[in-house]
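Shown here: final03.pdb, PDB, C-alpha atoms and all ligand atoms.
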```
ATOM      1  CA  MET V   1      22.090 -16.893  -5.169
ATOM      2  CA  LEU V   2      20.766 -18.455  -1.956
ATOM      3  CA  ASN V   3      17.199 -17.560  -2.968
ATOM      4  CA  THR V   4      17.721 -19.119  -6.388
ATOM      5  CA  ALA V   5      19.160 -22.267  -4.784
ATOM      6  CA  MET V   6      16.160 -22.469  -2.430
ATOM      7  CA  GLU V   7      13.648 -21.983  -5.225
ATOM      8  CA  ALA V   8      15.349 -24.540  -7.450
ATOM      9  CA  ALA V   9      15.590 -27.069  -4.595
ATOM     10  CA  ARG V  10      11.908 -26.632  -3.743
ATOM     11  CA  THR V  11      10.818 -27.054  -7.358
ATOM     12  CA  ALA V  12      13.014 -30.118  -7.821
ATOM     13  CA  GLY V  13      11.921 -31.552  -4.472
ATOM     14  CA  GLN V  14       8.247 -31.249  -5.358
ATOM     15  CA  PHE V  15       8.953 -32.960  -8.677
ATOM     16  CA  LEU V  16      10.681 -35.822  -6.801
ATOM     17  CA  ARG V  17       7.775 -36.252  -4.400
ATOM     18  CA  GLU V  18       5.240 -36.305  -7.201
ATOM     19  CA  ASN V  19       7.206 -39.021  -8.943
ATOM     20  CA  VAL V  20       7.717 -41.507  -6.122
ATOM     21  CA  GLY V  21       6.488 -44.832  -7.508
ATOM     22  CA  ARG V  22       6.288 -43.504 -11.080
ATOM     23  CA  VAL V  23       9.789 -44.311 -12.331
ATOM     24  CA  ARG V  24       9.843 -45.798 -15.830
ATOM     25  CA  SER V  25      13.541 -46.221 -16.583
ATOM     26  CA  ILE V  26      16.380 -47.246 -14.279
ATOM     27  CA  GLU V  27      19.968 -47.475 -15.503
ATOM     28  CA  VAL V  28      23.116 -48.759 -13.859
ATOM     29  CA  LYS V  29      25.959 -46.234 -13.579
ATOM     30  CA  GLN V  30      29.611 -46.901 -14.429
ATOM     31  CA  GLY V  31      29.050 -50.656 -14.494
ATOM     32  CA  GLN V  32      28.293 -50.621 -10.729
ATOM     33  CA  GLU V  33      25.182 -52.749 -10.248
ATOM     34  CA  ARG V  34      24.112 -50.877  -7.089
ATOM     35  CA  ASN V  35      24.669 -47.350  -8.418
ATOM     36  CA  LEU V  36      21.348 -46.525 -10.089
ATOM     37  CA  VAL V  37      19.976 -43.515 -11.938
ATOM     38  CA  SER V  38      16.431 -42.900 -13.171
ATOM     39  CA  GLU V  39      14.825 -40.436 -15.569
ATOM     40  CA  ILE V  40      13.587 -38.645 -12.420
ATOM     41  CA  ASP V  41      17.170 -37.894 -11.266
ATOM     42  CA  LYS V  42      17.808 -36.431 -14.719
ATOM     43  CA  GLY V  43      14.510 -34.521 -14.864
ATOM     44  CA  SER V  44      15.168 -32.987 -11.448
ATOM     45  CA  GLU V  45      18.629 -31.897 -12.558
ATOM     46  CA  ARG V  46      17.267 -30.318 -15.772
ATOM     47  CA  LYS V  47      14.797 -28.236 -13.750
ATOM     48  CA  ILE V  48      17.490 -26.994 -11.370
ATOM     49  CA  ILE V  49      19.969 -26.121 -14.112
ATOM     50  CA  GLN V  50      17.318 -24.352 -16.170
ATOM     51  CA  MET V  51      16.450 -22.105 -13.231
ATOM     52  CA  ILE V  52      20.096 -21.301 -12.483
ATOM     53  CA  LYS V  53      20.957 -20.650 -16.137
ATOM     54  CA  THR V  54      18.048 -18.225 -16.525
ATOM     55  CA  ARG V  55      19.363 -16.081 -13.669
ATOM     56  CA  TYR V  56      23.108 -16.704 -13.873
ATOM     57  CA  PRO V  57      23.855 -17.581 -17.514
ATOM     58  CA  ASP V  58      27.621 -17.084 -17.079
ATOM     59  CA  HIS V  59      28.074 -19.323 -14.051
ATOM     60  CA  ALA V  60      29.589 -22.813 -14.289
ATOM     61  CA  ILE V  61      27.747 -25.981 -13.290
ATOM     62  CA  LEU V  62      29.002 -29.206 -11.727
ATOM     63  CA  ALA V  63      26.054 -31.580 -11.610
ATOM     64  CA  GLU V  64      25.933 -35.288 -10.876
ATOM     65  CA  GLU V  65      24.094 -36.431 -14.003
ATOM     66  CA  SER V  66      25.331 -33.969 -16.648
ATOM     67  CA  GLY V  67      28.842 -33.232 -15.358
ATOM     68  CA  LYS V  68      30.752 -29.983 -15.684
ATOM     69  CA  SER V  69      29.829 -27.110 -17.984
ATOM     70  CA  GLY V  70      30.884 -23.474 -18.280
ATOM     71  CA  ALA V  71      34.310 -21.964 -17.734
ATOM     72  CA  GLY V  72      35.979 -18.607 -17.196
ATOM     73  CA  THR V  73      33.887 -17.758 -14.130
ATOM     74  CA  ASP V  74      34.524 -17.638 -10.383
ATOM     75  CA  CYS V  75      31.152 -19.217  -9.586
ATOM     76  CA  THR V  76      30.245 -22.898  -9.865
ATOM     77  CA  TRP V  77      26.902 -24.388  -8.843
ATOM     78  CA  ILE V  78      27.353 -27.889  -7.418
ATOM     79  CA  ILE V  79      24.184 -29.961  -7.725
ATOM     80  CA  ASP V  80      22.865 -33.319  -6.561
ATOM     81  CA  PRO V  81      19.337 -33.422  -8.023
ATOM     82  CA  LEU V  82      18.333 -36.462  -5.956
ATOM     83  CA  ASP V  83      20.487 -37.545  -3.039
ATOM     84  CA  GLY V  84      19.201 -40.911  -1.897
ATOM     85  CA  THR V  85      18.274 -42.489  -5.228
ATOM     86  CA  THR V  86      18.106 -46.011  -3.778
ATOM     87  CA  ASN V  87      15.633 -44.879  -1.103
ATOM     88  CA  PHE V  88      13.615 -42.961  -3.703
ATOM     89  CA  LEU V  89      13.376 -45.982  -5.994
ATOM     90  CA  HIS V  90      11.998 -48.059  -3.109
ATOM     91  CA  GLY V  91       9.507 -45.388  -2.037
ATOM     92  CA  LEU V  92      11.419 -44.817   1.213
ATOM     93  CA  PRO V  93      10.861 -41.141   2.047
ATOM     94  CA  ILE V  94      14.454 -40.287   2.943
ATOM     95  CA  PHE V  95      15.978 -38.323   0.061
ATOM     96  CA  SER V  96      16.909 -34.735  -0.680
ATOM     97  CA  VAL V  97      18.076 -32.139  -3.174
ATOM     98  CA  SER V  98      21.464 -30.519  -2.601
ATOM     99  CA  ILE V  99      22.619 -27.284  -4.252
ATOM    100  CA  ALA V 100      25.747 -25.288  -3.369
ATOM    101  CA  VAL V 101      27.611 -22.333  -4.838
ATOM    102  CA  GLU V 102      31.395 -22.391  -4.924
ATOM    103  CA  GLN V 103      33.100 -19.025  -5.425
ATOM    104  CA  LYS V 104      36.863 -18.765  -5.885
ATOM    105  CA  GLY V 105      37.285 -22.274  -4.481
ATOM    106  CA  GLU V 106      35.133 -21.686  -1.389
ATOM    107  CA  ILE V 107      31.548 -22.847  -0.765
ATOM    108  CA  VAL V 108      29.631 -19.610  -0.092
ATOM    109  CA  ALA V 109      26.015 -20.791  -0.123
ATOM    110  CA  GLY V 110      24.296 -24.132   0.288
ATOM    111  CA  VAL V 111      20.835 -25.627   0.456
ATOM    112  CA  VAL V 112      19.657 -29.132   1.328
ATOM    113  CA  TYR V 113      15.930 -29.662   0.864
ATOM    114  CA  ASP V 114      13.918 -32.608   2.168
ATOM    115  CA  PRO V 115      10.627 -32.587   0.230
ATOM    116  CA  ASN V 116       9.080 -35.300   2.398
ATOM    117  CA  ARG V 117       9.221 -33.180   5.554
ATOM    118  CA  ASP V 118       9.312 -29.806   3.809
ATOM    119  CA  GLU V 119      12.596 -29.070   5.587
ATOM    120  CA  MET V 120      14.787 -26.455   3.919
ATOM    121  CA  PHE V 121      18.313 -26.328   5.355
ATOM    122  CA  THR V 122      20.199 -23.206   4.248
ATOM    123  CA  ALA V 123      23.562 -21.577   4.881
ATOM    124  CA  GLU V 124      25.564 -18.624   3.657
ATOM    125  CA  ARG V 125      29.230 -18.323   4.596
ATOM    126  CA  GLY V 126      29.575 -16.203   7.714
ATOM    127  CA  SER V 127      25.823 -15.883   8.301
ATOM    128  CA  GLY V 128      24.890 -19.098  10.100
ATOM    129  CA  ALA V 129      22.848 -22.176   9.192
ATOM    130  CA  PHE V 130      19.059 -22.351   9.264
ATOM    131  CA  LEU V 131      16.198 -24.828   9.050
ATOM    132  CA  ASN V 132      13.056 -23.248   7.620
ATOM    133  CA  GLY V 133      14.394 -19.904   8.843
ATOM    134  CA  GLN V 134      15.254 -21.058  12.397
ATOM    135  CA  ARG V 135      18.930 -20.835  13.336
ATOM    136  CA  LEU V 136      20.740 -24.155  13.765
ATOM    137  CA  ALA V 137      23.456 -25.224  16.186
ATOM    138  CA  VAL V 138      25.302 -28.530  16.460
ATOM    139  CA  SER V 139      24.665 -30.801  19.444
ATOM    140  CA  GLN V 140      26.209 -30.590  22.912
ATOM    141  CA  ALA V 141      27.338 -34.229  23.341
ATOM    142  CA  ILE V 142      30.878 -34.457  24.679
ATOM    143  CA  ALA V 143      31.347 -38.231  24.989
ATOM    144  CA  LEU V 144      31.226 -40.717  22.139
ATOM    145  CA  ILE V 145      29.128 -43.070  24.236
ATOM    146  CA  ASP V 146      26.377 -40.396  24.259
ATOM    147  CA  GLY V 147      26.676 -39.783  20.523
ATOM    148  CA  LEU V 148      24.264 -40.769  17.761
ATOM    149  CA  LEU V 149      26.387 -41.231  14.638
ATOM    150  CA  VAL V 150      25.559 -41.769  10.982
ATOM    151  CA  THR V 151      27.466 -43.069   7.985
ATOM    152  CA  GLY V 152      26.999 -44.319   4.438
ATOM    153  CA  PHE V 153      28.437 -47.197   2.456
ATOM    154  CA  PRO V 154      29.998 -46.986  -1.013
ATOM    155  CA  TYR V 155      28.218 -48.602  -3.961
ATOM    156  CA  ASP V 156      31.331 -50.576  -4.897
ATOM    157  CA  LEU V 157      31.923 -52.159  -1.495
ATOM    158  CA  SER V 158      31.791 -55.706  -2.849
ATOM    159  CA  THR V 159      34.617 -55.118  -5.335
ATOM    160  CA  ASN V 160      36.512 -52.403  -3.476
ATOM    161  CA  PRO V 161      37.264 -53.392   0.109
ATOM    162  CA  TRP V 162      36.947 -50.056   1.842
ATOM    163  CA  PRO V 163      37.718 -50.199   5.567
ATOM    164  CA  THR V 164      34.403 -48.608   6.352
ATOM    165  CA  ILE V 165      32.776 -51.834   7.542
ATOM    166  CA  ASP V 166      35.522 -51.988  10.160
ATOM    167  CA  TYR V 167      34.859 -48.364  11.106
ATOM    168  CA  PHE V 168      31.171 -49.198  11.388
ATOM    169  CA  THR V 169      31.898 -52.105  13.746
ATOM    170  CA  ASP V 170      34.276 -50.003  15.828
ATOM    171  CA  PHE V 171      31.756 -47.160  16.184
ATOM    172  CA  LEU V 172      28.985 -49.617  17.091
ATOM    173  CA  ILE V 173      31.165 -50.655  20.003
ATOM    174  CA  GLU V 174      32.350 -47.148  21.008
ATOM    175  CA  ALA V 175      29.422 -44.799  20.283
ATOM    176  CA  GLY V 176      25.896 -44.512  21.635
ATOM    177  CA  ALA V 177      24.343 -45.726  18.374
ATOM    178  CA  VAL V 178      24.994 -45.684  14.617
ATOM    179  CA  ARG V 179      22.543 -45.164  11.725
ATOM    180  CA  ARG V 180      22.664 -45.353   7.914
ATOM    181  CA  LEU V 181      19.975 -43.204   6.271
ATOM    182  CA  GLY V 182      21.015 -43.230   2.590
ATOM    183  CA  SER V 183      21.332 -39.497   1.847
ATOM    184  CA  ALA V 184      24.734 -37.963   2.566
ATOM    185  CA  ALA V 185      23.365 -34.438   2.170
ATOM    186  CA  LEU V 186      20.730 -35.098   4.850
ATOM    187  CA  ASP V 187      23.321 -36.791   7.083
ATOM    188  CA  LEU V 188      25.353 -33.566   7.061
ATOM    189  CA  ALA V 189      22.276 -31.345   7.449
ATOM    190  CA  TYR V 190      21.269 -33.408  10.485
ATOM    191  CA  VAL V 191      24.717 -32.937  12.063
ATOM    192  CA  ALA V 192      24.202 -29.186  11.567
ATOM    193  CA  ALA V 193      20.756 -29.486  13.175
ATOM    194  CA  GLY V 194      22.127 -31.385  16.208
ATOM    195  CA  ARG V 195      20.120 -34.524  15.339
ATOM    196  CA  PHE V 196      23.330 -36.451  14.786
ATOM    197  CA  ASP V 197      26.521 -35.833  16.753
ATOM    198  CA  GLY V 198      28.896 -37.137  14.094
ATOM    199  CA  TYR V 199      29.095 -38.480  10.538
ATOM    200  CA  TRP V 200      31.788 -40.141   8.490
ATOM    201  CA  GLU V 201      31.855 -41.534   4.970
ATOM    202  CA  VAL V 202      34.658 -42.753   2.714
ATOM    203  CA  SER V 203      33.557 -42.505  -0.899
ATOM    204  CA  LEU V 204      31.609 -39.360  -1.715
ATOM    205  CA  ALA V 205      31.426 -36.997  -4.679
ATOM    206  CA  PRO V 206      31.524 -33.173  -4.419
ATOM    207  CA  TRP V 207      27.740 -32.865  -5.011
ATOM    208  CA  ASP V 208      26.974 -35.197  -2.070
ATOM    209  CA  MET V 209      28.644 -32.906   0.447
ATOM    210  CA  ALA V 210      29.172 -29.353  -0.889
ATOM    211  CA  ALA V 211      26.022 -27.836   0.655
ATOM    212  CA  GLY V 212      26.064 -30.037   3.767
ATOM    213  CA  ILE V 213      29.607 -29.120   4.662
ATOM    214  CA  LEU V 214      28.768 -25.421   4.755
ATOM    215  CA  LEU V 215      25.714 -26.213   6.911
ATOM    216  CA  VAL V 216      27.903 -28.015   9.458
ATOM    217  CA  GLN V 217      30.514 -25.236   9.499
ATOM    218  CA  GLU V 218      27.911 -22.516   9.878
ATOM    219  CA  ALA V 219      26.170 -24.428  12.684
ATOM    220  CA  GLY V 220      29.437 -24.466  14.649
ATOM    221  CA  GLY V 221      30.568 -28.001  13.806
ATOM    222  CA  ARG V 222      33.973 -29.328  12.783
ATOM    223  CA  LEU V 223      35.052 -30.942   9.518
ATOM    224  CA  SER V 224      38.156 -32.861   8.552
ATOM    225  CA  ASN V 225      39.253 -35.817   6.511
ATOM    226  CA  LEU V 226      39.533 -39.166   8.286
ATOM    227  CA  THR V 227      43.028 -38.440   9.547
ATOM    228  CA  GLY V 228      42.160 -35.007  10.930
ATOM    229  CA  GLU V 229      43.553 -32.866   8.107
ATOM    230  CA  PRO V 230      41.513 -30.149   6.353
ATOM    231  CA  GLN V 231      38.699 -31.548   4.279
ATOM    232  CA  SER V 232      38.029 -30.849   0.599
ATOM    233  CA  ILE V 233      34.876 -31.728  -1.335
ATOM    234  CA  TYR V 234      37.173 -32.969  -4.107
ATOM    235  CA  GLU V 235      38.580 -35.687  -1.856
ATOM    236  CA  LYS V 236      36.276 -38.579  -1.177
ATOM    237  CA  SER V 237      36.162 -38.900   2.575
ATOM    238  CA  VAL V 238      34.672 -36.702   5.258
ATOM    239  CA  LEU V 239      34.339 -36.567   9.029
ATOM    240  CA  ALA V 240      31.815 -34.057  10.344
ATOM    241  CA  SER V 241      30.859 -33.615  13.979
ATOM    242  CA  ASN V 242      29.649 -31.258  16.665
ATOM    243  CA  GLY V 243      33.364 -30.572  17.320
ATOM    244  CA  ARG V 244      33.203 -31.904  20.871
ATOM    245  CA  ILE V 245      33.439 -35.586  19.879
ATOM    246  CA  HIS V 246      35.665 -35.039  16.818
ATOM    247  CA  ASP V 247      38.946 -36.135  18.389
ATOM    248  CA  ALA V 248      37.281 -39.200  19.885
ATOM    249  CA  MET V 249      35.947 -40.113  16.429
ATOM    250  CA  LEU V 250      39.385 -39.587  14.884
ATOM    251  CA  ALA V 251      40.891 -41.843  17.546
ATOM    252  CA  VAL V 252      38.473 -44.656  16.618
ATOM    253  CA  LEU V 253      39.056 -44.191  12.879
ATOM    254  CA  ASN V 254      42.805 -44.306  13.277
ATOM    255  CA  ALA V 255      43.087 -47.004  15.933
ATOM    256  CA  SER V 256      41.886 -49.926  13.870
ATOM    257  CA  PRO V 257      44.699 -52.275  12.829
ATOM    258  CA  ARG V 258      42.502 -53.237   9.850
ATOM    259  CA  ASN V 259      42.476 -49.648   8.712
ATOM    260  CA  ILE V 260      43.542 -49.271   5.053
ATOM    261  CA  ARG V 261      43.729 -45.533   4.541
ATOM    262  CA  ARG V 262      42.815 -44.006   1.164
TER     263      ARG V 262
HETATM  264  C1  LIG E 301      24.436 -41.489  -2.349
HETATM  265  C2  LIG E 301      23.860 -41.156  -0.989
HETATM  266  C3  LIG E 301      24.315 -42.181   0.041
HETATM  267  C4  LIG E 301      25.817 -42.303   0.079
HETATM  268  C5  LIG E 301      26.369 -42.609  -1.297
HETATM  269  C6  LIG E 301      25.929 -41.529  -2.282
HETATM  270  P1  LIG E 301      23.007 -40.782  -4.544
HETATM  271  O1  LIG E 301      24.058 -40.502  -3.314
HETATM  272  O2  LIG E 301      24.282 -39.888  -0.565
HETATM  273  O3  LIG E 301      23.886 -41.830   1.341
HETATM  274  O4  LIG E 301      26.160 -43.342   0.978
HETATM  275  O5  LIG E 301      27.774 -42.640  -1.225
HETATM  276  O6  LIG E 301      26.460 -41.795  -3.559
HETATM  277  O7  LIG E 301      23.672 -41.778  -5.458
HETATM  278  O8  LIG E 301      21.751 -41.287  -3.946
HETATM  279  O9  LIG E 301      22.889 -39.429  -5.147
HETATM  280 CA    CA E 302      24.389 -38.195  -3.901
HETATM  281 CA    CA E 303      22.165 -38.236  -6.798
END
```

Mind converting the file's structure to structure tokens?
Ligand code: IPD
Ligand code: CA
Ligand code: CA
Amino acid sequence: MLNTAMEAARTAGQFLRENVGRVRSIEVKQGQERNLVSEIDKGSERKIIQMIKTRYPDHAILAEESGKSGAGTDCTWIIDPLDGTTNFLHGLPIFSVSIAVEQKGEIVAGVVYDPNRDEMFTAERGSGAFLNGQRLAVSQAIALIDGLLVTGFPYDLSTNPWPTIDYFTDFLIEAGAVRRLGSAALDLAYVAAGRFDGYWEVSLAPWDMAAGILLVQEAGGRLSNLTGEPQSIYEKSVLASNGRIHDAMLAVLNASPRNIRR
């Protein structure tokens, strides 16, 4: 299954790269004017699903653009065919393909592929995380002030006052530095690779994080929700870190008097 995920991610990633600057149709999703989808997102997803269905016709699919299909199986493929659509539409080369396999409620394999750098992040439960075949480990930072953090902002921020702007301000004050790249799957892969020390986000979907979460776990990192409880891909928020700065990040998230928890 990992090989299939890698092959599908590479094929889809190449398709994305070839189509930068060639988008013909952009639609707005769910009435949210910032949440965009193009025919390239959909084309990428079709390619991935076709490859999976050829090899695993009985498995279920949960994909961002076409939703859920298939039942009566233990295995579900969780797919984001283009993570970082806004970047992609602007020709900013920070986007990825994310494919994970969930078996009996547990993510067992995951792949995040960055076609712009030809970086293939892979993980199988219990077997470690890898970048182009080289084993990954989370970073060594032990103090928040030494940490490089990353986050993302929800599309509906203007109408839905998430506290994440407050979190952003608080981390700017407490941490070494904070970034916003625009691809949640890459954010998590980069925590696994030790490029970032910590990541939080408040409004994600399962396909944004399924593969990345396994990468972080298998690279020795820690995951929780924003209050420190066990994290689920079916809840929206996530805190991922190298483990060493996790409690310090939780302290910042939960100290803010402006904090409205969801
Ligand atoms: C988005 C990206 C972004 C995150 C958003 C996601 P999309 O996914 O991962 O970094 O902040 O919450 O929805 O729409 O580009 O697949
Ligand atoms: Ca996404
Ligand atoms: Ca997407």

Check every protein, DNA and RNA residue against ligand CA 302 (chain E), keep those with an atom at most 12 Å away (counting all atoms listed in the file), and present them as a PyMOL selection string. chain V and resi 35-37+41+63-65+78-88+95-99+112+152-155+182-188+203-212

Q.
Under the rule that all atoms listed in the file are counted, which of V:Lys42, V:Arg125, V:Glu18, V:Arg34 is the nearest residue to ligand CA 303 (chain E)?
A.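 Using all atoms listed in the file, the shortest distance to ligand CA 303 (chain E) belongs to V:Lys42.
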
_Can you tell me which residues surround Asn225 (chain V) at a distance of at most 12 Å, considering only C-alpha atoms, apart from same-chain residues fewer than 4 positions away, and format the answer as a PyMOL selection string?_
chain V and resi 199-204+213+229-241+246-247+249-250+253-254+261-262

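Using the PyMOL selection byres (((chain V and resi 126) around 10) and not hetatm) on the file at hand returns these residues: Val108, Ala109, Ala123, Glu124, Arg125, Ser127, Gly128, Ala129, Leu214, Gln217 and Glu218 of chain V.
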
Just say which residues the PyMOL selection byres (((chain V and resi 149) around 12) and not hetatm) picks in this file, as a PDB file with C-alpha atoms, in the frame of the given file.
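Result went into expr-v4.pdb, see below:
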```pdb
ATOM      1  CA  SER V 139      24.665 -30.801  19.444  1.00  0.00           C
ATOM      2  CA  ALA V 141      27.338 -34.229  23.341  1.00  0.00           C
ATOM      3  CA  ALA V 143      31.347 -38.231  24.989  1.00  0.00           C
ATOM      4  CA  LEU V 144      31.226 -40.717  22.139  1.00  0.00           C
ATOM      5  CA  ILE V 145      29.128 -43.070  24.236  1.00  0.00           C
ATOM      6  CA  ASP V 146      26.377 -40.396  24.259  1.00  0.00           C
ATOM      7  CA  GLY V 147      26.676 -39.783  20.523  1.00  0.00           C
ATOM      8  CA  LEU V 148      24.264 -40.769  17.761  1.00  0.00           C
ATOM      9  CA  VAL V 150      25.559 -41.769  10.982  1.00  0.00           C
ATOM     10  CA  THR V 151      27.466 -43.069   7.985  1.00  0.00           C
ATOM     11  CA  GLY V 152      26.999 -44.319   4.438  1.00  0.00           C
ATOM     12  CA  TYR V 167      34.859 -48.364  11.106  1.00  0.00           C
ATOM     13  CA  PHE V 168      31.171 -49.198  11.388  1.00  0.00           C
ATOM     14  CA  ASP V 170      34.276 -50.003  15.828  1.00  0.00           C
ATOM     15  CA  PHE V 171      31.756 -47.160  16.184  1.00  0.00           C
ATOM     16  CA  LEU V 172      28.985 -49.617  17.091  1.00  0.00           C
ATOM     17  CA  ILE V 173      31.165 -50.655  20.003  1.00  0.00           C
ATOM     18  CA  GLU V 174      32.350 -47.148  21.008  1.00  0.00           C
ATOM     19  CA  ALA V 175      29.422 -44.799  20.283  1.00  0.00           C
ATOM     20  CA  GLY V 176      25.896 -44.512  21.635  1.00  0.00           C
ATOM     21  CA  ALA V 177      24.343 -45.726  18.374  1.00  0.00           C
ATOM     22  CA  VAL V 178      24.994 -45.684  14.617  1.00  0.00           C
ATOM     23  CA  ARG V 179      22.543 -45.164  11.725  1.00  0.00           C
ATOM     24  CA  ARG V 180      22.664 -45.353   7.914  1.00  0.00           C
ATOM     25  CA  LEU V 181      19.975 -43.204   6.271  1.00  0.00           C
ATOM     26  CA  ASP V 187      23.321 -36.791   7.083  1.00  0.00           C
ATOM     27  CA  LEU V 188      25.353 -33.566   7.061  1.00  0.00           C
ATOM     28  CA  TYR V 190      21.269 -33.408  10.485  1.00  0.00           C
ATOM     29  CA  VAL V 191      24.717 -32.937  12.063  1.00  0.00           C
ATOM     30  CA  GLY V 194      22.127 -31.385  16.208  1.00  0.00           C
ATOM     31  CA  ARG V 195      20.120 -34.524  15.339  1.00  0.00           C
ATOM     32  CA  PHE V 196      23.330 -36.451  14.786  1.00  0.00           C
ATOM     33  CA  ASP V 197      26.521 -35.833  16.753  1.00  0.00           C
ATOM     34  CA  GLY V 198      28.896 -37.137  14.094  1.00  0.00           C
ATOM     35  CA  TYR V 199      29.095 -38.480  10.538  1.00  0.00           C
ATOM     36  CA  TRP V 200      31.788 -40.141   8.490  1.00  0.00           C
ATOM     37  CA  GLU V 201      31.855 -41.534   4.970  1.00  0.00           C
ATOM     38  CA  LEU V 239      34.339 -36.567   9.029  1.00  0.00           C
ATOM     39  CA  ALA V 240      31.815 -34.057  10.344  1.00  0.00           C
ATOM     40  CA  SER V 241      30.859 -33.615  13.979  1.00  0.00           C
ATOM     41  CA  ASN V 242      29.649 -31.258  16.665  1.00  0.00           C
ATOM     42  CA  ILE V 245      33.439 -35.586  19.879  1.00  0.00           C
ATOM     43  CA  HIS V 246      35.665 -35.039  16.818  1.00  0.00           C
ATOM     44  CA  MET V 249      35.947 -40.113  16.429  1.00  0.00           C
TER      45      MET V 249
END
```

Restricting to all atoms listed in the file, whichever of V:Thr76, V:Ser69, V:Thr164, V:Thr54 is closest to ligand LIG 301 (chain E) is V:Thr164

**Request:** Enumerate, as an NGL selection string, the residues matched when the PyMOL selection byres (((chain V and resi 55-61) around 6) and not hetatm) is run on the file above.
**Result:** :V and (52-54 or 62 or 68-71 or 75-77)

Quick check, in Å to one decimal: how far apart do CA of Gln140 (chain V) and CA of Gly243 (chain V) lie?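 Value for the CA of Gln140 (chain V)-CA of Gly243 (chain V) distance: 9.1 Å.
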
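The smallest atom-to-atom distance between Glu119 (chain V) and any of V:Gly228, V:Gly21, V:Gly43, V:Gly133, using all atoms listed in the file, is found for V:Gly133.
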